[in-house]
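Peer 1: Structure file model_28.cif, mmCIF, C-alpha atoms, is pasted below:
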```
data_query
loop_
_atom_site.label_atom_id
_atom_site.label_comp_id
_atom_site.auth_asym_id
_atom_site.auth_seq_id
_atom_site.Cartn_x
_atom_site.Cartn_y
_atom_site.Cartn_z
CA MET A 8 93.02 44.47 51.82
CA ALA A 9 96.55 43.24 52.24
CA TYR A 10 95.34 39.94 53.60
CA SER A 11 93.41 38.89 50.54
CA VAL A 12 96.20 39.95 48.22
CA LYS A 13 99.14 38.36 49.91
CA LEU A 14 97.55 35.54 51.82
CA ALA A 15 94.79 34.37 49.57
CA ASN A 16 96.36 30.93 49.49
CA PHE A 17 96.54 30.48 53.21
CA GLU A 18 93.50 30.11 55.32
CA GLY A 19 94.99 30.16 58.76
CA PRO A 20 98.16 28.82 60.32
CA LEU A 21 97.45 25.16 59.59
CA ASP A 22 97.07 25.89 55.93
CA LEU A 23 100.40 27.69 55.80
CA LEU A 24 102.08 24.93 57.76
CA LEU A 25 100.71 22.30 55.43
CA HIS A 26 101.99 24.29 52.49
CA LEU A 27 105.47 24.47 54.00
CA VAL A 28 105.46 20.76 54.76
CA SER A 29 104.47 19.82 51.24
CA LYS A 30 107.05 22.22 49.83
CA SER A 31 109.80 20.39 51.65
CA ARG A 32 108.46 17.19 50.08
CA VAL A 33 108.43 15.12 53.21
CA LYS A 34 105.71 13.14 54.89
CA ILE A 35 103.91 14.94 57.61
CA GLU A 36 105.25 12.44 60.14
CA ASP A 37 108.82 13.29 59.18
CA ILE A 38 108.64 17.04 59.43
CA SER A 39 111.60 18.65 61.00
CA ILE A 40 110.16 21.10 63.48
CA ALA A 41 113.37 23.15 63.45
CA GLU A 42 113.32 23.60 59.70
CA ILE A 43 109.65 24.29 59.45
CA THR A 44 109.82 26.79 62.26
CA GLU A 45 112.47 28.76 60.40
CA GLN A 46 110.35 28.88 57.26
CA TYR A 47 107.25 29.71 59.19
CA LEU A 48 108.95 32.61 60.94
CA ASP A 49 110.32 33.81 57.63
CA TYR A 50 106.88 33.91 56.25
CA LEU A 51 105.53 35.71 59.28
CA GLU A 52 108.25 38.32 58.93
CA LYS A 53 107.06 39.07 55.40
CA MET A 54 103.46 39.01 56.46
CA LYS A 55 103.91 41.43 59.33
CA LYS A 56 104.52 44.20 56.87
CA PHE A 57 101.06 43.68 55.50
CA ASP A 58 98.65 43.17 58.29
CA ILE A 59 99.55 42.57 61.90
CA GLU A 60 95.89 41.92 62.75
CA ILE A 61 95.84 38.83 60.61
CA ALA A 62 99.38 37.86 61.44
CA SER A 63 98.39 37.56 65.09
CA GLU A 64 96.42 34.43 64.31
CA PHE A 65 99.55 32.92 62.91
CA LEU A 66 101.62 34.02 65.89
CA VAL A 67 100.11 31.44 68.20
CA MET A 68 101.28 28.74 65.85
CA ALA A 69 104.69 30.36 65.63
CA ALA A 70 104.95 30.32 69.41
CA THR A 71 103.94 26.68 69.50
CA LEU A 72 106.52 25.80 66.89
CA LEU A 73 109.21 27.71 68.74
CA TYR A 74 108.31 25.91 71.92
CA MET A 75 108.65 22.56 70.19
CA LYS A 76 111.92 23.59 68.65
CA SER A 77 113.30 24.67 71.99
CA GLN A 78 112.31 21.34 73.49
CA LEU A 79 114.26 19.56 70.80
CA LEU A 80 117.35 21.65 71.48
CA VAL A 81 117.35 21.19 75.20
CA PRO A 82 119.02 17.89 76.16
CA LYS A 83 116.40 15.44 77.32
CA PRO A 84 116.53 13.87 80.72
CA SER A 85 117.51 10.22 80.44
CA GLU A 86 114.29 8.72 81.69
CA PRO A 87 111.09 9.71 79.97
CA VAL A 88 109.21 12.24 82.02
CA ASP A 89 105.46 12.17 82.11
CA THR A 90 104.38 9.76 79.40
CA GLU A 91 100.78 10.67 80.04
CA GLU A 92 101.31 14.04 78.48
CA ILE A 93 100.65 14.25 74.77
CA ASP A 94 103.69 15.14 72.77
CA PRO A 95 102.99 18.56 71.22
CA GLN A 96 104.76 17.52 68.04
CA GLN A 97 102.62 14.42 67.79
CA GLU A 98 99.55 16.51 68.38
CA LEU A 99 100.53 18.93 65.66
CA ILE A 100 101.12 16.08 63.23
CA LEU A 101 97.70 14.68 64.03
CA LYS A 102 96.10 18.02 63.44
CA LEU A 103 97.90 18.48 60.17
CA THR A 104 96.92 15.02 58.94
CA GLU A 105 93.32 15.65 59.82
CA TYR A 106 93.35 19.00 58.13
CA LYS A 107 94.99 17.60 55.02
CA LYS A 108 92.22 15.03 54.80
CA TYR A 109 89.55 17.67 54.43
CA LYS A 110 91.64 19.85 52.21
CA LYS A 111 91.83 16.87 49.89
CA ALA A 112 88.08 16.37 50.15
CA SER A 113 87.48 20.00 49.31
CA GLU A 114 89.45 19.56 46.08
CA TYR A 115 87.12 16.72 45.20
CA LEU A 116 84.10 18.89 45.95
CA ARG A 117 85.59 21.72 43.89
CA GLN A 118 85.75 19.47 40.83
CA ARG A 119 82.23 18.25 41.32
CA GLU A 120 80.98 21.77 41.83
CA GLU A 121 82.51 22.72 38.51
CA THR A 122 80.86 19.82 36.71
CA TYR A 123 77.47 20.03 38.32
CA SER A 124 77.03 23.77 38.31
CA GLY A 125 76.43 23.27 34.57
CA ILE A 126 73.15 21.47 35.27
CA TYR A 127 69.94 23.39 34.88
CA TYR A 128 66.52 22.73 36.32
CA LYS A 129 63.22 24.22 35.47
CA LEU A 130 60.87 26.01 37.79
CA PRO A 131 57.64 24.29 38.73
CA GLU A 132 54.76 24.81 36.30
CA GLU A 133 52.49 27.59 37.35
CA ILE A 134 49.14 25.92 37.40
CA ILE A 135 45.99 27.87 38.08
CA ASN A 136 44.20 25.64 40.46
CA GLU A 137 40.45 25.85 39.96
CA GLU A 138 39.82 24.51 43.42
CA SER A 139 41.90 27.09 45.21
CA SER A 140 40.44 30.01 43.31
CA LYS A 141 37.00 28.87 44.32
CA THR A 142 37.94 28.88 47.97
CA LEU A 143 38.36 32.64 47.87
CA PHE A 144 34.68 32.93 48.62
CA THR A 145 34.06 30.04 50.95
CA GLY A 146 31.15 30.21 53.26
CA VAL A 147 29.27 32.79 51.26
CA THR A 148 25.96 31.66 49.93
CA SER A 149 23.75 33.43 47.47
CA GLN A 150 21.37 33.89 50.38
CA GLN A 151 23.93 35.96 52.24
CA LEU A 152 24.57 37.97 49.12
CA LEU A 153 20.89 38.73 48.84
CA LYS A 154 20.68 39.61 52.51
CA ALA A 155 23.48 42.12 52.16
CA LEU A 156 21.76 43.72 49.22
CA LEU A 157 18.44 43.86 50.99
CA LYS A 158 20.05 45.42 54.00
CA ILE A 159 21.25 48.37 51.96
CA LEU A 160 17.98 48.65 50.06
CA SER A 161 15.84 48.43 53.14
CA LYS A 162 17.51 51.42 54.74
CA ARG A 163 15.74 53.65 52.35
CA PRO A 164 14.04 53.20 49.05
CA LEU A 165 16.93 54.08 46.79
CA VAL A 166 15.01 54.07 43.58
CA LYS A 167 12.75 56.88 44.52
CA LYS A 168 15.56 59.14 45.56
CA GLU A 169 17.43 58.49 42.34
CA LYS A 170 14.49 59.48 40.30
CA GLU A 171 14.59 62.86 41.88
CA ILE A 172 18.24 63.32 41.03
CA THR A 173 17.87 62.39 37.44
CA HIS A 174 15.94 65.49 36.61
CA GLU A 175 17.39 67.76 39.19
CA LEU A 176 20.93 67.50 37.83
CA ARG A 177 22.44 69.02 40.87
CA LYS A 178 26.05 69.08 41.84
CA ASP A 179 27.53 66.30 43.91
CA SER A 180 25.99 66.72 47.28
CA ILE A 181 29.34 66.28 48.94
CA SER A 182 32.95 65.98 47.87
CA VAL A 183 35.31 63.27 49.03
CA TYR A 184 37.33 65.87 50.88
CA GLN A 185 34.26 67.17 52.70
CA ARG A 186 33.23 63.63 53.56
CA ILE A 187 36.66 62.94 55.02
CA LYS A 188 36.23 65.96 57.26
CA GLN A 189 32.84 64.66 58.35
CA LEU A 190 34.19 61.19 59.01
CA GLU A 191 37.07 62.62 60.96
CA ALA A 192 34.56 64.36 63.14
CA ILE A 193 32.72 61.09 63.66
CA PHE A 194 35.87 59.24 64.57
CA TYR A 195 36.86 62.03 66.87
CA GLU A 196 33.93 61.09 69.03
CA LYS A 197 33.67 57.38 68.39
CA GLU A 198 36.54 54.98 68.41
CA GLN A 199 34.90 52.62 66.00
CA CYS A 200 31.91 52.55 63.76
CA SER A 201 30.40 50.24 61.19
CA PHE A 202 30.09 51.16 57.56
CA TYR A 203 26.32 51.09 57.62
CA GLU A 204 26.24 53.35 60.65
CA LEU A 205 27.88 56.08 58.60
CA PHE A 206 24.66 56.70 56.78
CA ASN A 207 21.60 58.38 58.11
CA ASP A 208 18.18 57.91 56.64
CA GLN A 209 18.79 60.26 53.79
CA TYR A 210 21.45 59.02 51.42
CA THR A 211 22.04 58.45 47.76
CA LYS A 212 24.18 56.08 45.78
CA THR A 213 26.64 58.93 45.38
CA ASP A 214 26.86 59.23 49.14
CA ILE A 215 27.83 55.57 49.44
CA VAL A 216 30.48 55.94 46.77
CA VAL A 217 31.84 59.15 48.23
CA THR A 218 31.92 57.68 51.70
CA PHE A 219 33.70 54.63 50.41
CA LEU A 220 36.26 56.73 48.60
CA ALA A 221 36.74 58.86 51.68
CA LEU A 222 37.37 55.74 53.73
CA LEU A 223 39.91 54.48 51.23
CA GLU A 224 41.70 57.79 51.45
CA MET A 225 41.72 57.65 55.22
CA LEU A 226 42.95 54.08 55.18
CA LYS A 227 45.75 55.13 52.90
CA ASN A 228 46.73 57.88 55.30
CA ASN A 229 46.61 55.41 58.16
CA ASP A 230 43.97 57.44 59.94
CA VAL A 231 41.67 54.47 60.34
CA GLU A 232 41.75 50.73 60.01
CA ALA A 233 38.99 48.55 58.63
CA TYR A 234 37.91 44.95 59.12
CA GLN A 235 35.48 42.75 57.31
CA GLN A 236 34.79 39.32 58.65
CA ASN A 237 33.32 37.90 55.47
CA PRO A 238 32.76 39.23 52.00
CA PHE A 239 29.63 41.45 51.94
CA ASP A 240 29.62 41.73 55.70
CA ASP A 241 29.44 45.07 57.37
CA ILE A 242 32.81 46.79 57.54
CA ILE A 243 34.05 47.79 60.95
CA ILE A 244 36.12 50.94 60.86
CA ARG A 245 38.31 51.83 63.77
CA ARG A 246 40.20 55.00 64.51
CA ARG A 247 43.94 54.57 64.71
CA LYS A 248 45.82 56.08 67.59
CA VAL A 249 47.09 59.48 66.65
CA SER A 250 50.64 59.92 67.77
CA ASN A 251 50.99 63.59 66.94
CA GLY A 252 48.94 66.47 65.59
CA MET B 29 48.61 0.34 31.77
CA ASP B 30 51.94 -0.86 30.42
CA ASP B 31 55.32 0.24 31.68
CA ARG B 32 55.86 2.59 28.78
CA GLU B 33 52.72 4.47 29.64
CA THR B 34 53.55 4.52 33.33
CA MET B 35 56.97 5.91 32.60
CA GLY B 36 55.38 8.53 30.35
CA ILE B 37 53.16 9.60 33.21
CA ILE B 38 56.12 9.81 35.57
CA GLU B 39 58.01 11.89 33.03
CA SER B 40 55.17 14.37 32.74
CA ILE B 41 54.87 14.60 36.51
CA LEU B 42 58.58 15.34 36.77
CA PHE B 43 58.16 18.00 34.08
CA VAL B 44 55.25 19.70 35.80
CA SER B 45 56.93 19.57 39.20
CA GLY B 46 60.29 20.98 38.20
CA ASP B 47 61.33 20.39 41.80
CA PRO B 48 62.40 16.94 42.99
CA VAL B 49 59.48 14.50 43.33
CA SER B 50 59.66 11.91 46.06
CA LEU B 51 59.35 8.23 45.26
CA LYS B 52 56.46 8.06 47.69
CA ASP B 53 54.50 10.68 45.75
CA ILE B 54 55.16 8.93 42.44
CA ALA B 55 53.93 5.64 43.86
CA LYS B 56 50.87 7.32 45.35
CA VAL B 57 49.80 9.01 42.13
CA LEU B 58 50.21 5.84 40.10
CA GLU B 59 48.78 3.67 42.84
CA ILE B 60 51.66 1.28 42.64
CA ASP B 61 54.03 -0.22 45.15
CA VAL B 62 57.03 1.92 46.13
CA ARG B 63 59.36 -0.92 45.19
CA ILE B 64 57.88 -1.14 41.71
CA ALA B 65 58.11 2.63 41.39
CA ARG B 66 61.76 2.50 42.37
CA LYS B 67 62.45 -0.16 39.71
CA LEU B 68 60.66 1.94 37.10
CA MET B 69 62.67 5.00 38.06
CA GLU B 70 65.90 3.09 37.69
CA ARG B 71 64.79 1.92 34.28
CA MET B 72 63.83 5.43 33.28
CA ILE B 73 67.19 6.82 34.36
CA ASP B 74 68.90 4.12 32.30
CA THR B 75 66.70 4.75 29.28
CA PHE B 76 67.32 8.49 29.42
CA ASN B 77 71.06 7.87 29.57
CA PHE B 78 71.06 5.16 26.94
CA GLU B 79 69.11 7.22 24.46
CA ARG B 80 71.41 10.16 25.21
CA ARG B 81 68.45 12.40 25.77
CA GLY B 82 68.95 16.11 26.39
CA LEU B 83 67.47 15.71 29.81
CA GLN B 84 68.46 13.36 32.54
CA ILE B 85 66.73 12.22 35.67
CA ILE B 86 68.77 12.85 38.77
CA LYS B 87 68.18 11.11 42.04
CA VAL B 88 68.66 12.83 45.35
CA ASN B 89 67.75 11.00 48.54
CA ASP B 90 64.86 9.03 47.01
CA SER B 91 63.54 12.01 45.08
CA TYR B 92 63.77 12.46 41.35
CA GLN B 93 64.13 15.54 39.19
CA LEU B 94 64.53 16.38 35.53
CA ALA B 95 67.72 18.24 34.75
CA THR B 96 69.91 19.11 31.83
CA ARG B 97 73.18 17.30 31.28
CA PRO B 98 76.44 18.83 32.42
CA GLU B 99 78.04 18.01 29.05
CA PHE B 100 75.61 20.39 27.34
CA SER B 101 76.28 23.26 29.73
CA GLU B 102 78.52 25.02 27.24
CA TYR B 103 75.65 25.42 24.80
CA ILE B 104 73.10 26.26 27.42
CA GLN B 105 75.35 28.99 28.73
CA LYS B 106 75.83 30.28 25.21
CA TYR B 107 72.09 30.43 24.86
CA ILE B 108 71.26 32.12 28.16
CA GLY B 109 74.15 34.52 27.86
CA PRO B 110 76.80 35.49 30.36
CA GLU B 111 75.89 34.53 33.85
CA GLN B 112 77.64 35.26 37.08
CA LYS B 113 78.70 31.93 38.39
CA GLN B 114 79.43 32.12 42.05
CA THR B 115 81.91 29.51 43.02
CA LEU B 116 82.68 28.81 46.63
CA SER B 117 85.85 30.16 48.19
CA GLN B 118 88.50 27.76 49.41
CA ALA B 119 87.54 28.53 52.99
CA ALA B 120 83.88 27.76 52.30
CA LEU B 121 84.73 24.55 50.46
CA GLU B 122 86.99 23.27 53.22
CA THR B 123 84.32 24.03 55.79
CA LEU B 124 81.73 22.32 53.62
CA SER B 125 83.81 19.19 53.20
CA ILE B 126 84.41 18.93 56.93
CA ILE B 127 80.66 19.20 57.52
CA ALA B 128 79.90 16.71 54.75
CA TYR B 129 82.21 14.06 56.18
CA ARG B 130 81.76 14.73 59.85
CA GLN B 131 78.12 15.78 60.20
CA PRO B 132 76.54 16.54 62.54
CA ILE B 133 79.32 18.77 63.75
CA THR B 134 79.63 21.95 65.80
CA ARG B 135 81.35 25.12 64.73
CA GLY B 136 83.95 24.60 67.42
CA ASP B 137 84.94 21.23 66.01
CA ILE B 138 85.17 22.60 62.47
CA GLU B 139 87.34 25.44 63.67
CA SER B 140 89.66 23.15 65.56
CA ILE B 141 90.21 21.07 62.42
CA ARG B 142 90.85 24.07 60.22
CA GLY B 143 92.72 26.02 62.89
CA VAL B 144 90.92 29.17 61.86
CA LYS B 145 87.56 30.82 62.46
CA CYS B 146 84.72 29.65 60.23
CA GLU B 147 81.82 31.91 61.08
CA TYR B 148 81.87 33.70 57.75
CA ALA B 149 82.17 30.49 55.75
CA LEU B 150 79.26 29.00 57.71
CA ASN B 151 77.12 32.04 56.95
CA ILE B 152 77.90 31.82 53.25
CA LEU B 153 77.09 28.11 53.18
CA SER B 154 73.82 28.64 55.03
CA GLU B 155 72.85 31.46 52.71
CA ARG B 156 73.51 29.26 49.72
CA GLY B 157 71.36 26.58 51.31
CA LEU B 158 74.13 24.00 51.31
CA ILE B 159 74.13 23.46 55.06
CA LYS B 160 71.55 23.74 57.80
CA GLU B 161 71.16 23.44 61.51
CA VAL B 162 70.33 19.84 62.31
CA GLY B 163 70.10 20.16 66.05
CA ARG B 164 71.96 21.10 69.17
CA LEU B 165 74.71 19.24 70.96
CA GLU B 166 73.79 18.26 74.50
CA ALA B 167 76.81 20.00 75.93
CA PRO B 168 77.44 23.28 77.74
CA GLY B 169 76.09 26.14 75.63
CA ARG B 170 74.12 23.68 73.51
CA PRO B 171 76.11 24.52 70.37
CA ILE B 172 74.45 24.27 66.98
CA LEU B 173 75.10 21.11 64.98
CA TYR B 174 75.50 21.56 61.26
CA GLY B 175 74.69 19.14 58.47
CA THR B 176 74.42 19.25 54.71
CA THR B 177 71.16 19.74 52.78
CA ASP B 178 69.60 18.03 49.77
CA LEU B 179 70.64 21.08 47.76
CA PHE B 180 74.22 20.24 48.68
CA LEU B 181 73.83 16.73 47.25
CA LYS B 182 72.21 18.12 44.12
CA SER B 183 74.80 20.83 43.62
CA PHE B 184 77.59 18.31 43.78
CA GLY B 185 75.86 15.59 41.81
CA LEU B 186 75.49 13.18 44.71
CA SER B 187 72.54 10.87 45.25
CA SER B 188 73.15 10.52 48.94
CA ILE B 189 75.82 11.38 51.45
CA LYS B 190 77.14 7.82 51.12
CA ASP B 191 78.27 8.68 47.59
CA LEU B 192 81.09 10.77 48.99
CA PRO B 193 84.32 8.90 48.32
CA PRO B 194 86.01 7.64 51.46
CA ILE B 195 89.17 9.51 52.36
CA THR B 196 91.87 6.85 52.21
CA GLU B 197 95.26 6.90 53.82
CA GLU B 198 97.00 6.63 50.42
CA ASP B 199 95.46 9.93 49.41
CA LEU B 200 97.28 11.54 52.25
CA ALA B 201 100.75 10.33 51.45
#
```
What's the structure tokens form of this structure?
Peer 2:
Amino acid sequence: MAYSVKLANFEGPLDLLLHLVSKSRVKIEDISIAEITEQYLDYLEKMKKFDIEIASEFLVMAATLLYMKSQLLVPKPSEPVDTEEIDPQQELILKLTEYKKYKKASEYLRQREETYSGIYYKLPEEIINEESSKTLFTGVTSQQLLKALLKILSKRPLVKKEKEITHELRKDSISVYQRIKQLEAIFYEKEQCSFYELFNDQYTKTDIVVTFLALLEMLKNNDVEAYQQNPFDDIIIRRRKVSNG
Amino acid sequence: MDDRETMGIIESILFVSGDPVSLKDIAKVLEIDVRIARKLMERMIDTFNFERRGLQIIKVNDSYQLATRPEFSEYIQKYIGPEQKQTLSQAALETLSIIAYRQPITRGDIESIRGVKCEYALNILSERGLIKEVGRLEAPGRPILYGTTDLFLKSFGLSSIKDLPPITEEDLA
């Protein structure tokens, strides 16, 4: 960009003006508007070749300077006109002084930045807090744990069923894919369902695992969403709204 | 517990924290008066400097933090390898200095001092965490007021905003 190449030193019209003032080695209060205006316009002329967009910002200042210059050239009426009005030259000088103040301050900050960017700090220690890891399972007692287990066991005597399988050596009663199809059918009718409800009286450990895997798959595909109030609670599964297909 | 031990405890707390630790927290942990804690901190800072330790304790707005010394930066940089140092542009620095000296200040006021738009510079400074919104001016449009952050003080090695040197008239001659 032309701007950054040619005008890197000048951030706006005030900056340029300040540069011109300091180049002529006079105090801000003593600037000759006529002289500065010439230099300013010279600079604008060069700049216009590069980027008129940017130059437009500087044009306002050029116009102001020209106005002041014209006022100086026109013979003044003998008695001072409206003294209430702020002299534009005085106003410009004030602005320049103020701006110079902060330009100076920024030089100071620049130096400090250079010095203090060489300071290094360390990150906080990563401390595994025993207390906070315990709180992962707040509100769950061993009683509740037992209750959850009993709930599953009470549905149907698991042990007996398993005994049968051990010598039967049959194929998995159902595949994850088949179970997904089944579950999809269930959720087609019902909007939500609890995990326990997904099992009828006849089920094996494999069924639980397969159902769980099927649910995970469906969750992944965003077909359903699941909630569990507390660890070991029943899981509520809810059908997600199908937008298409 | 003697002072040496107390200072040892403070040092280890500063180490574990990494981030600045407030005087209040130090006093609370040690169950001592804040004024005593402040005295101890001053002594610790002096001791660290006097013994020319590799680490120093820096103070920012009544918080303390362990840090390396700027004079060792050359070696640290050699050790950690080339690193992209992002220095602030002139525009950003000018904007920052106006905010530092004149805070709280609105964007309009900054722009009228610099005579040029500052939106981009303000964004950069906010992103770097050097300035923040400190409120709104009770004026039409309720413009945002900007102020500097503790990170600003730290980045420029200042303990508080009062450490900024006054801008004197002689400087401007």
Peer 1: Using only C-alpha atoms and a distance of at most 7 Å, pull out the residues of chain A that contact chain B, as a list in words.
Peer 2: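 Only these qualify: Glu18, Gly19, Pro20, Leu21, Lys34, Lys102, Glu105, Tyr106, Lys108, Tyr109, Lys110, Ala112, Ser113, Leu116, Arg119, Glu120, Thr122, Tyr123, Ser124, Gly125, Ile126, Tyr127, Tyr128, Lys129, Leu130, Pro131 and Glu132 of chain A.
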Peer 1: Between CA of Ser91 (chain B) and CA of Val49 (chain B), what is the distance, to one decimal in Å?
Peer 2: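 Atom-to-atom, CA of Ser91 (chain B) and CA of Val49 (chain B) are spaced 5.1 Å apart.
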Peer 1: Could you spell out the hits of the PyMOL selection byres ((chain B and resi 60-70) around 10) on the shown file, as a ChimeraX atom specification?
Peer 2: /B:31-32,34-35,38-39,51-59,71-76,85-87,90-92
Peer 1: As an exercise, work out the distance from CA of Tyr203 (chain A) to CA of Ile215 (chain A) in Å and give it to one decimal place.
Peer 2: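 So the answer is 9.4 Å.
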Peer 1: Could you tell me how far CA of Val28 (chain A) lies from CA of Glu147 (chain B), in Å and to one decimal?
Peer 2: 26.9 Å
